file coords-v8.csv (CSV, C-alpha atoms)
chain,number,residue,atom,x,y,z
R,664,MET,CA,12.0,-3.3,5.4
R,665,PRO,CA,8.7,-3.1,3.6
R,666,ASP,CA,6.0,-0.9,5.1
R,667,ILE,CA,3.7,-3.4,6.9
R,668,MET,CA,0.0,-3.0,6.4
R,669,THR,CA,-2.5,-3.9,9.2
R,670,PRO,CA,-4.9,-6.8,8.6
R,671,PHE,CA,-8.6,-5.9,8.6
R,672,GLY,CA,-12.0,-7.5,8.2
R,673,LEU,CA,-15.4,-6.3,7.0
R,674,ALA,CA,-18.9,-7.6,6.6
R,675,ILE,CA,-20.4,-8.5,3.3
R,676,ASP,CA,-24.1,-9.5,3.1
R,677,LEU,CA,-23.9,-12.8,1.2
R,678,GLU,CA,-27.5,-12.3,0.0
R,679,THR,CA,-27.6,-8.7,-1.0
R,680,GLY,CA,-23.9,-7.9,-1.4
R,681,ASP,CA,-24.2,-4.9,1.0
R,682,MET,CA,-20.7,-3.8,2.2
R,683,VAL,CA,-21.4,-1.2,4.8
R,684,ALA,CA,-17.6,-0.5,5.4
R,685,ALA,CA,-17.1,0.6,1.7
R,686,THR,CA,-15.5,4.0,1.4
R,687,ASN,CA,-15.8,4.2,-2.4
R,688,ARG,CA,-19.0,4.0,-4.3
R,689,LEU,CA,-18.7,4.3,-8.1
R,690,VAL,CA,-22.1,5.1,-9.6
R,691,ARG,CA,-23.1,4.7,-13.3
R,692,ARG,CA,-26.4,6.2,-14.4
R,693,ALA,CA,-28.0,5.6,-17.7
R,694,SER,CA,-26.5,8.8,-19.0
R,695,ASP,CA,-23.0,7.5,-18.3
R,696,MET,CA,-23.7,4.7,-20.8
R,697,ARG,CA,-24.1,6.8,-23.9
R,698,GLY,CA,-22.4,5.2,-26.8
R,699,TYR,CA,-22.5,1.7,-25.3
R,700,TYR,CA,-25.9,0.4,-26.4
R,701,ALA,CA,-27.0,-0.6,-29.9
R,702,ASP,CA,-30.2,1.6,-29.7
R,703,ALA,CA,-29.0,5.1,-28.7
R,704,GLU,CA,-32.5,6.6,-29.0
R,705,ALA,CA,-33.9,4.0,-26.6
R,706,LEU,CA,-31.2,5.0,-24.1
R,707,ASP,CA,-32.2,8.7,-24.5
R,708,ARG,CA,-35.8,7.9,-23.9
R,709,LEU,CA,-34.9,5.9,-20.8
R,710,ILE,CA,-32.8,8.9,-19.5
R,711,GLN,CA,-35.8,11.3,-20.2
R,712,GLU,CA,-38.7,9.2,-19.0
R,713,GLN,CA,-37.1,7.6,-15.9
R,714,ASP,CA,-35.0,10.6,-14.8
R,715,ASP,CA,-31.6,9.1,-15.6
R,716,PRO,CA,-32.0,6.0,-13.6
R,717,LEU,CA,-29.2,4.2,-11.7
R,718,HIS,CA,-27.5,1.6,-13.9
R,719,TYR,CA,-24.8,0.0,-11.7
R,720,GLU,CA,-22.7,0.6,-8.6
R,721,VAL,CA,-19.4,-0.6,-7.4
R,722,PHE,CA,-18.5,-0.6,-3.7
R,723,GLU,CA,-15.0,-0.9,-2.4
R,724,LEU,CA,-12.7,-0.3,0.5
R,725,PRO,CA,-9.4,0.0,-1.5
R,726,VAL,CA,-6.0,-1.3,-0.6
R,727,PRO,CA,-2.8,0.1,-2.1
R,728,PRO,CA,-2.8,-0.4,-5.9
R,729,GLU,CA,0.3,-2.6,-6.0
R,730,ASN,CA,1.4,-5.9,-7.3
R,731,GLY,CA,0.9,-8.5,-4.5
R,732,GLN,CA,-2.2,-6.7,-3.1
R,733,LEU,CA,-5.7,-7.8,-4.0
R,734,MET,CA,-8.4,-5.3,-4.9
R,735,TYR,CA,-11.9,-6.5,-4.2
R,736,CYS,CA,-15.4,-4.9,-4.6
R,737,ILE,CA,-19.1,-5.6,-4.8
R,738,SER,CA,-20.7,-4.9,-8.2
R,739,LYS,CA,-24.5,-4.3,-8.3
R,740,LEU,CA,-26.1,-4.1,-11.8
R,741,GLN,CA,-29.7,-3.1,-12.1
R,742,PRO,CA,-32.2,-5.1,-14.1
R,743,GLY,CA,-33.6,-3.4,-17.2
R,744,GLN,CA,-33.3,-3.1,-21.0
R,745,VAL,CA,-32.3,-0.4,-23.4
R,746,GLY,CA,-34.6,-1.2,-26.2
R,747,GLN,CA,-34.2,-5.0,-26.3
R,748,GLU,CA,-30.7,-5.0,-25.0
R,749,PHE,CA,-30.1,-5.9,-21.4
R,750,PHE,CA,-28.5,-3.6,-18.9
R,751,MET,CA,-24.8,-4.1,-18.8
R,752,THR,CA,-21.6,-2.6,-17.3
R,753,LYS,CA,-19.2,-0.6,-19.5
R,754,GLY,CA,-16.7,-3.4,-19.6
R,755,HIS,CA,-12.9,-3.1,-19.5
R,756,TYR,CA,-9.6,-4.6,-20.0
R,757,HIS,CA,-7.1,-4.3,-17.2
R,758,SER,CA,-4.4,-1.6,-17.7
R,759,VAL,CA,-1.9,-4.4,-16.9
R,760,SER,CA,-3.5,-6.7,-19.5
R,761,ALA,CA,-1.9,-9.9,-18.1
R,762,THR,CA,-4.1,-9.9,-14.9
R,763,ALA,CA,-7.1,-12.1,-14.1
R,764,GLU,CA,-10.3,-11.3,-12.2
R,765,ILE,CA,-12.6,-13.5,-10.2
R,766,TYR,CA,-16.3,-12.9,-9.9
R,767,LEU,CA,-18.4,-14.7,-7.3
R,768,CYS,CA,-22.0,-14.1,-8.1
R,769,LEU,CA,-24.2,-13.6,-5.0
R,770,ALA,CA,-27.6,-12.7,-6.6
R,771,GLY,CA,-29.4,-12.4,-9.8
R,772,ARG,CA,-28.8,-13.9,-13.3
R,773,GLY,CA,-26.9,-12.9,-16.3
R,774,TYR,CA,-23.8,-13.3,-18.3
R,775,MET,CA,-20.1,-12.4,-18.3
R,776,VAL,CA,-19.3,-11.4,-21.8
R,777,MET,CA,-15.5,-11.5,-22.6
R,778,LYS,CA,-13.2,-10.9,-25.5
R,779,THR,CA,-9.5,-10.7,-26.3
R,780,ALA,CA,-7.8,-8.0,-28.3
R,781,GLU,CA,-7.3,-10.6,-31.0
R,782,GLY,CA,-11.0,-11.1,-31.4
R,783,LYS,CA,-11.8,-14.3,-29.4
R,784,TRP,CA,-14.9,-14.0,-27.4
R,785,ALA,CA,-16.6,-16.1,-24.7
R,786,THR,CA,-19.5,-15.9,-22.3
R,787,GLU,CA,-20.1,-17.5,-18.9
R,788,GLU,CA,-23.4,-17.7,-17.1
R,789,MET,CA,-23.8,-15.8,-13.8
R,790,MET,CA,-26.1,-16.8,-11.1
R,791,ARG,CA,-26.0,-17.0,-7.3
R,792,GLY,CA,-23.1,-19.3,-6.3
R,793,ARG,CA,-21.4,-19.3,-9.7
R,794,MET,CA,-17.8,-18.2,-9.9
R,795,VAL,CA,-16.4,-16.9,-13.2
R,796,TYR,CA,-12.7,-16.8,-13.9
R,797,VAL,CA,-11.7,-14.1,-16.3
R,798,PRO,CA,-8.2,-15.0,-17.3
R,799,PRO,CA,-5.4,-12.5,-18.1
R,800,HIS,CA,-5.9,-10.6,-21.4
R,801,TRP,CA,-9.7,-10.9,-21.5
R,802,ALA,CA,-11.9,-7.8,-21.5
R,803,HIS,CA,-15.1,-8.4,-19.5
R,804,ARG,CA,-18.5,-7.0,-19.0
R,805,SER,CA,-21.4,-8.3,-16.9
R,806,VAL,CA,-25.0,-8.3,-18.3
R,807,ASN,CA,-28.1,-8.6,-16.2
R,808,THR,CA,-30.7,-10.8,-17.9
R,809,ASP,CA,-33.2,-11.0,-15.0
R,810,ALA,CA,-36.4,-9.1,-15.3
R,811,ASN,CA,-36.4,-8.0,-11.6
R,812,GLU,CA,-33.4,-8.9,-9.7
R,813,THR,CA,-30.1,-6.9,-9.3
R,814,LEU,CA,-27.0,-8.9,-10.5
R,815,VAL,CA,-24.6,-8.8,-7.5
R,816,SER,CA,-21.1,-10.1,-7.6
R,817,PHE,CA,-18.1,-10.1,-5.3
R,818,CYS,CA,-15.0,-9.4,-7.4
R,819,VAL,CA,-11.2,-9.8,-6.7
R,820,TYR,CA,-8.4,-8.7,-9.0
R,821,PRO,CA,-4.7,-8.0,-8.6
R,822,GLY,CA,-3.8,-4.7,-6.9
R,823,ASP,CA,-1.9,-3.4,-9.9
R,824,ALA,CA,-4.4,-4.4,-12.6
R,825,GLY,CA,-6.0,-1.0,-13.2
R,826,HIS,CA,-8.8,-0.4,-15.6
R,827,ASN,CA,-8.7,0.3,-19.3
R,828,TYR,CA,-12.2,1.4,-20.4
R,829,GLY,CA,-11.3,3.2,-23.6
R,830,ASP,CA,-10.6,0.2,-25.8
R,831,ILE,CA,-14.0,-1.3,-25.1
R,832,GLU,CA,-15.8,2.1,-25.5
R,833,ARG,CA,-14.3,2.2,-29.0
R,834,GLU,CA,-14.4,-1.5,-30.1
R,835,GLY,CA,-17.2,-3.0,-28.0
R,836,LEU,CA,-17.3,-6.5,-26.6
R,837,GLY,CA,-18.0,-8.4,-29.8
R,838,LYS,CA,-21.4,-9.7,-28.6
R,839,ARG,CA,-24.5,-8.0,-27.2
R,840,VAL,CA,-27.2,-9.7,-25.2
R,841,PHE,CA,-30.8,-9.0,-26.2
R,842,GLN,CA,-34.3,-10.1,-25.3
R,843,ARG,CA,-35.9,-11.3,-28.6
R,844,GLY,CA,-39.5,-12.5,-27.9
R,845,GLY,CA,-39.1,-14.6,-24.8
R,846,ASP,CA,-35.5,-15.6,-25.6
R,847,ILE,CA,-32.1,-14.3,-24.4
R,848,VAL,CA,-30.0,-14.0,-27.5
R,849,LEU,CA,-26.4,-13.1,-28.1
R,850,GLU,CA,-25.7,-11.2,-31.3
Q,352,MET,CA,1.7,-13.2,-28.3
Q,353,PRO,CA,0.9,-14.6,-24.9
Q,354,ASP,CA,-0.7,-17.9,-24.6
Q,355,ILE,CA,-4.4,-17.1,-24.1
Q,356,MET,CA,-6.3,-19.1,-21.5
Q,357,THR,CA,-10.0,-19.9,-21.9
Q,358,PRO,CA,-12.5,-18.4,-19.4
Q,359,PHE,CA,-14.5,-20.7,-17.2
Q,360,GLY,CA,-17.1,-20.8,-14.5
Q,361,LEU,CA,-17.9,-23.2,-11.7
Q,362,ALA,CA,-20.5,-23.6,-8.9
Q,363,ILE,CA,-19.7,-22.9,-5.3
Q,364,ASP,CA,-22.4,-23.6,-2.7
Q,365,LEU,CA,-22.6,-20.4,-0.7
Q,366,GLU,CA,-23.9,-22.2,2.4
Q,367,THR,CA,-21.6,-25.2,2.5
Q,368,GLY,CA,-18.7,-24.2,0.3
Q,369,ASP,CA,-19.1,-27.4,-1.8
Q,370,MET,CA,-17.2,-26.9,-5.1
Q,371,VAL,CA,-18.0,-30.0,-7.1
Q,372,ALA,CA,-15.7,-29.0,-10.0
Q,373,ALA,CA,-12.6,-29.1,-7.8
Q,374,THR,CA,-9.8,-31.3,-9.1
Q,375,ASN,CA,-7.5,-31.0,-6.1
Q,376,ARG,CA,-8.4,-31.9,-2.6
Q,377,LEU,CA,-5.8,-31.3,0.1
Q,378,VAL,CA,-6.6,-33.4,3.2
Q,379,ARG,CA,-5.0,-32.8,6.6
Q,380,ARG,CA,-5.8,-35.4,9.3
Q,381,ALA,CA,-5.0,-35.0,13.0
Q,382,SER,CA,-1.7,-37.0,12.5
Q,383,ASP,CA,-0.6,-34.3,9.9
Q,384,MET,CA,-0.7,-31.8,12.7
Q,385,ARG,CA,1.9,-33.3,15.0
Q,386,GLY,CA,4.1,-30.5,16.4
Q,387,TYR,CA,1.5,-27.8,15.9
Q,388,TYR,CA,-0.6,-28.0,19.2
Q,389,ALA,CA,0.5,-27.1,22.7
Q,390,ASP,CA,-0.6,-30.4,24.1
Q,391,ALA,CA,1.1,-33.2,22.0
Q,392,GLU,CA,-0.3,-35.9,24.2
Q,393,ALA,CA,-3.9,-34.8,23.7
Q,394,LEU,CA,-3.3,-34.9,19.9
Q,395,ASP,CA,-1.9,-38.4,20.2
Q,396,ARG,CA,-5.0,-39.5,22.2
Q,397,LEU,CA,-7.3,-37.9,19.5
Q,398,ILE,CA,-5.5,-39.8,16.8
Q,399,GLN,CA,-5.8,-43.1,18.7
Q,400,GLU,CA,-9.3,-42.7,20.0
Q,401,GLN,CA,-11.0,-41.2,16.9
Q,402,ASP,CA,-9.0,-43.1,14.3
Q,403,ASP,CA,-7.0,-40.1,13.0
Q,404,PRO,CA,-9.9,-37.9,12.2
Q,405,LEU,CA,-10.2,-35.4,9.4
Q,406,HIS,CA,-8.8,-32.0,10.4
Q,407,TYR,CA,-9.3,-29.8,7.4
Q,408,GLU,CA,-9.6,-29.9,3.6
Q,409,VAL,CA,-8.8,-27.5,0.8
Q,410,PHE,CA,-10.6,-27.8,-2.5
Q,411,GLU,CA,-9.3,-26.2,-5.7
Q,412,LEU,CA,-9.4,-26.2,-9.5
Q,413,PRO,CA,-5.9,-24.6,-10.1
Q,414,VAL,CA,-4.9,-22.0,-12.6
Q,415,PRO,CA,-1.3,-21.5,-13.8
Q,416,PRO,CA,0.8,-20.4,-10.8
Q,417,GLU,CA,1.9,-17.2,-12.4
Q,418,ASN,CA,1.9,-13.5,-11.5
Q,419,GLY,CA,-1.4,-12.0,-12.8
Q,420,GLN,CA,-3.4,-15.1,-12.3
Q,421,LEU,CA,-5.5,-15.6,-9.1
Q,422,MET,CA,-5.5,-18.9,-7.2
Q,423,TYR,CA,-8.8,-19.6,-5.3
Q,424,CYS,CA,-9.9,-22.4,-3.1
Q,425,ILE,CA,-12.5,-23.5,-0.5
Q,426,SER,CA,-11.1,-24.2,2.9
Q,427,LYS,CA,-13.1,-26.4,5.4
Q,428,LEU,CA,-11.9,-26.7,8.9
Q,429,GLN,CA,-13.6,-29.2,11.2
Q,430,PRO,CA,-14.8,-28.2,14.7
Q,431,GLY,CA,-12.9,-29.8,17.7
Q,432,GLN,CA,-10.2,-29.3,20.3
Q,433,VAL,CA,-6.8,-30.8,21.0
Q,434,GLY,CA,-6.9,-30.6,24.8
Q,435,GLN,CA,-8.3,-27.1,25.2
Q,436,GLU,CA,-6.9,-25.7,22.0
Q,437,PHE,CA,-9.3,-25.2,19.1
Q,438,PHE,CA,-8.7,-27.0,15.8
Q,439,MET,CA,-6.6,-24.9,13.4
Q,440,THR,CA,-4.9,-25.0,10.0
Q,441,LYS,CA,-1.1,-25.3,9.9
Q,442,GLY,CA,-0.7,-21.7,8.8
Q,443,HIS,CA,1.7,-20.3,6.3
Q,444,TYR,CA,3.5,-17.4,4.9
Q,445,HIS,CA,3.4,-17.1,1.1
Q,446,SER,CA,6.7,-18.1,-0.6
Q,447,VAL,CA,6.5,-14.7,-2.3
Q,448,SER,CA,6.1,-12.9,1.0
Q,449,ALA,CA,4.8,-9.6,-0.5
Q,450,THR,CA,1.4,-11.2,-1.5
Q,451,ALA,CA,-2.0,-10.8,0.1
Q,452,GLU,CA,-4.9,-13.2,0.6
Q,453,ILE,CA,-8.6,-12.6,0.9
Q,454,TYR,CA,-10.8,-15.0,2.9
Q,455,LEU,CA,-14.6,-14.7,2.5
Q,456,CYS,CA,-16.1,-16.8,5.3
Q,457,LEU,CA,-19.2,-18.7,4.2
Q,458,ALA,CA,-20.0,-20.7,7.4
Q,459,GLY,CA,-18.9,-21.3,11.0
Q,460,ARG,CA,-17.1,-19.1,13.5
Q,461,GLY,CA,-13.5,-18.6,14.3
Q,462,TYR,CA,-10.5,-16.4,14.0
Q,463,MET,CA,-7.8,-15.7,11.5
Q,464,VAL,CA,-4.5,-15.5,13.5
Q,465,MET,CA,-1.7,-13.6,11.8
Q,466,LYS,CA,1.9,-12.6,12.4
Q,467,THR,CA,4.8,-11.0,10.7
Q,468,ALA,CA,8.3,-12.2,10.6
Q,469,GLU,CA,9.2,-9.2,12.8
Q,470,GLY,CA,6.9,-10.4,15.5
Q,471,LYS,CA,3.7,-8.3,15.1
Q,472,TRP,CA,0.5,-10.3,15.5
Q,473,ALA,CA,-3.2,-9.7,14.8
Q,474,THR,CA,-6.4,-11.6,14.8
Q,475,GLU,CA,-9.7,-11.0,12.9
Q,476,GLU,CA,-13.0,-12.7,13.6
Q,477,MET,CA,-14.4,-15.0,11.1
Q,478,MET,CA,-18.1,-15.7,10.6
Q,479,ARG,CA,-20.5,-16.1,7.7
Q,480,GLY,CA,-20.3,-13.0,5.5
Q,481,ARG,CA,-17.1,-11.7,7.0
Q,482,MET,CA,-14.2,-11.0,4.7
Q,483,VAL,CA,-10.7,-10.9,6.1
Q,484,TYR,CA,-7.8,-9.2,4.3
Q,485,VAL,CA,-4.5,-10.7,5.0
Q,486,PRO,CA,-2.0,-8.1,3.8
Q,487,PRO,CA,1.4,-8.9,2.2
Q,488,HIS,CA,4.0,-10.3,4.6
Q,489,TRP,CA,1.5,-11.7,7.1
Q,490,ALA,CA,1.6,-15.4,8.0
Q,491,HIS,CA,-2.0,-16.6,8.6
Q,492,ARG,CA,-3.9,-19.5,10.1
Q,493,SER,CA,-7.6,-20.1,10.6
Q,494,VAL,CA,-9.0,-21.4,13.9
Q,495,ASN,CA,-12.4,-22.9,14.3
Q,496,THR,CA,-14.0,-21.9,17.6
Q,497,ASP,CA,-17.5,-23.3,17.0
Q,498,ALA,CA,-18.5,-26.4,18.9
Q,499,ASN,CA,-20.3,-28.0,16.0
Q,500,GLU,CA,-20.0,-26.2,12.7
Q,501,THR,CA,-17.3,-26.4,10.1
Q,502,LEU,CA,-15.4,-23.2,9.3
Q,503,VAL,CA,-15.8,-22.6,5.6
Q,504,SER,CA,-14.0,-19.9,3.6
Q,505,PHE,CA,-13.6,-19.0,0.0
Q,506,CYS,CA,-10.0,-17.8,-0.5
Q,507,VAL,CA,-8.2,-15.9,-3.3
Q,508,TYR,CA,-4.5,-15.2,-3.6
Q,509,PRO,CA,-2.1,-14.2,-6.3
Q,510,GLY,CA,-1.1,-17.0,-8.7
Q,511,ASP,CA,2.6,-16.8,-7.9
Q,512,ALA,CA,2.2,-16.5,-4.1
Q,513,GLY,CA,3.1,-20.1,-3.2
Q,514,HIS,CA,3.1,-21.5,0.4
Q,515,ASN,CA,5.8,-21.4,3.0
Q,516,TYR,CA,4.8,-23.8,5.8
Q,517,GLY,CA,8.2,-24.4,7.3
Q,518,ASP,CA,8.7,-21.1,9.1
Q,519,ILE,CA,5.4,-21.4,10.9
Q,520,GLU,CA,6.0,-25.1,11.8
Q,521,ARG,CA,9.2,-23.9,13.5
Q,522,GLU,CA,8.2,-20.5,15.0
Q,523,GLY,CA,4.4,-20.9,15.5
Q,524,LEU,CA,1.9,-18.1,15.0
Q,525,GLY,CA,2.6,-16.2,18.3
Q,526,LYS,CA,-0.9,-16.8,19.7
Q,527,ARG,CA,-2.9,-19.9,20.3
Q,528,VAL,CA,-6.7,-20.0,20.8
Q,529,PHE,CA,-8.0,-22.0,23.7
Q,530,GLN,CA,-11.3,-22.8,25.4
Q,531,ARG,CA,-10.8,-21.9,29.1
Q,532,GLY,CA,-14.0,-22.6,31.0
Q,533,GLY,CA,-16.7,-21.1,28.8
Q,534,ASP,CA,-14.4,-18.5,27.3
Q,535,ILE,CA,-12.4,-18.3,24.1
Q,536,VAL,CA,-8.9,-17.1,25.1
Q,537,LEU,CA,-5.9,-16.1,23.0
Q,538,GLU,CA,-2.6,-16.9,24.8

call {"tool": "encode", "arguments": {"input": "coords-v8.csv", "output": "structure tokens"}}
result
Amino acid sequence: MPDIMTPFGLAIDLETGDMVAATNRLVRRASDMRGYYADAEALDRLIQEQDDPLHYEVFELPVPPENGQLMYCISKLQPGQVGQEFFMTKGHYHSVSATAEIYLCLAGRGYMVMKTAEGKWATEEMMRGRMVYVPPHWAHRSVNTDANETLVSFCVYPGDAGHNYGDIEREGLGKRVFQRGGDIVLE
Amino acid sequence: MPDIMTPFGLAIDLETGDMVAATNRLVRRASDMRGYYADAEALDRLIQEQDDPLHYEVFELPVPPENGQLMYCISKLQPGQVGQEFFMTKGHYHSVSATAEIYLCLAGRGYMVMKTAEGKWATEEMMRGRMVYVPPHWAHRSVNTDANETLVSFCVYPGDAGHNYGDIEREGLGKRVFQRGGDIVLE
């Protein structure tokens, strides 16, 4: 007989992504992002001048990390730039590489930037009401390209997926998203 | 080398649930629900008098039905009653019983009614912005208790979960949801 879990419900604000029942809050500040941006000096200035500002947060009420379960969370990525590069998340593969992730964007504007270990890359636009399907084997990072609004997404992924940050920390995501003049440019 | 799928995005209206990119539309009419409601004669009258009205629809753009993928869909359940029993979906276990499902309600009001094969049952309220976690091994059915509004949910479940409708068709969900006088009653 398997151990039977009890069903539950919780409220998610579909405008702001607020999830008051969340028990876990992962916080990344600018200083946690050292090594990720093209312009390391611009990041150091940001940390100094703005007192190490909030970069992004992930809210969750976890379930058992097992195959068959579904992890879910709210991701909130602040607007801003490091030099001309837009604020972004660290990005990760899943530890179990053959697992997908669904992002349902609730607010803001940006991109999901994705790559495979074999060097393919892809981007998908994110905006309120847009769902992005990150297939198995794709590393993924969200990038906030809005000047003012937080990029908010509801995310679901298999319970046993896990996170592999190290590979992206070393190899990057292949493309970066910059503001060049008035344009949003992938380079 | 695994076969690498291409990422994609699609639009979901976060008020109505409209998913215009959907390629599959599952339609259940009142006549598809024979055997499910307590009052079979009331269902027959509904089918006769309202020309077999729409009961619920499921919209999807499917991904490969494999472990590691994530199926997702929009479910739209019409308001109405069969006698005093509120409109509901057929309800199902997953074929791979040890798989969860997440429902994020976008519109309407109702209940998720759930049971295990061992006879436990549970309900969770559904309303806009409420997420319900249906753990592994729980059969589940949504019930629309609003007088006018469609109950709309965004759903995610493991790619290999599958659907087992037969067990619920035979054994029911343990509890039914009725309107008795002005009250919503589980019996």

call {"tool": "residues_around", "arguments": {"input": "coords-v8.csv", "residues": "stretch 482-494 of chain Q", "least_positions_apart": "2", "cutoff": "9 Å", "atoms": "only C-alpha atoms", "output": "PyMOL selection string"}}
result
(chain R and resi 665+667-675+731-733) or (chain Q and resi 428+430+437-445+447-456+460-468+471-472+475-480+496+502+504+515+519+524+527-528)

call {"tool": "atom_distance", "arguments": {"input": "coords-v8.csv", "atom1": "atom CA of R:Pro716", "atom2": "atom CA of R:Met734"}}
result
27.6 Å

call {"tool": "atom_distance", "arguments": {"input": "coords-v8.csv", "atom1": "atom CA of R:Gln741", "atom2": "atom CA of R:Ser758"}}
result
26.0 Å

call {"tool": "residues_around", "arguments": {"input": "coords-v8.csv", "residues": "stretch 369-381 of chain Q", "least_positions_apart": "2", "cutoff": "10 Å", "atoms": "all atoms listed in the file", "output": "VMD selection string"}}
result
(chain R and resid 792 to 794) or (chain Q and resid 360 to 367 383 to 385 394 to 395 397 to 399 401 to 413 424 to 428 433 438 440 to 441 503)

call {"tool": "closest_residue", "arguments": {"input": "coords-v8.csv", "among": "Q:Gly459, Q:Gly431, Q:Pro509, Q:Gly523", "to": "chain R", "atoms": "only C-alpha atoms"}}
result
Q:Pro509

call {"tool": "closest_residue", "arguments": {"input": "coords-v8.csv", "among": "Q:Tyr387, Q:Phe529, Q:Tyr516, Q:Tyr508", "to": "chain R", "atoms": "all atoms listed in the file"}}
result
Q:Tyr508
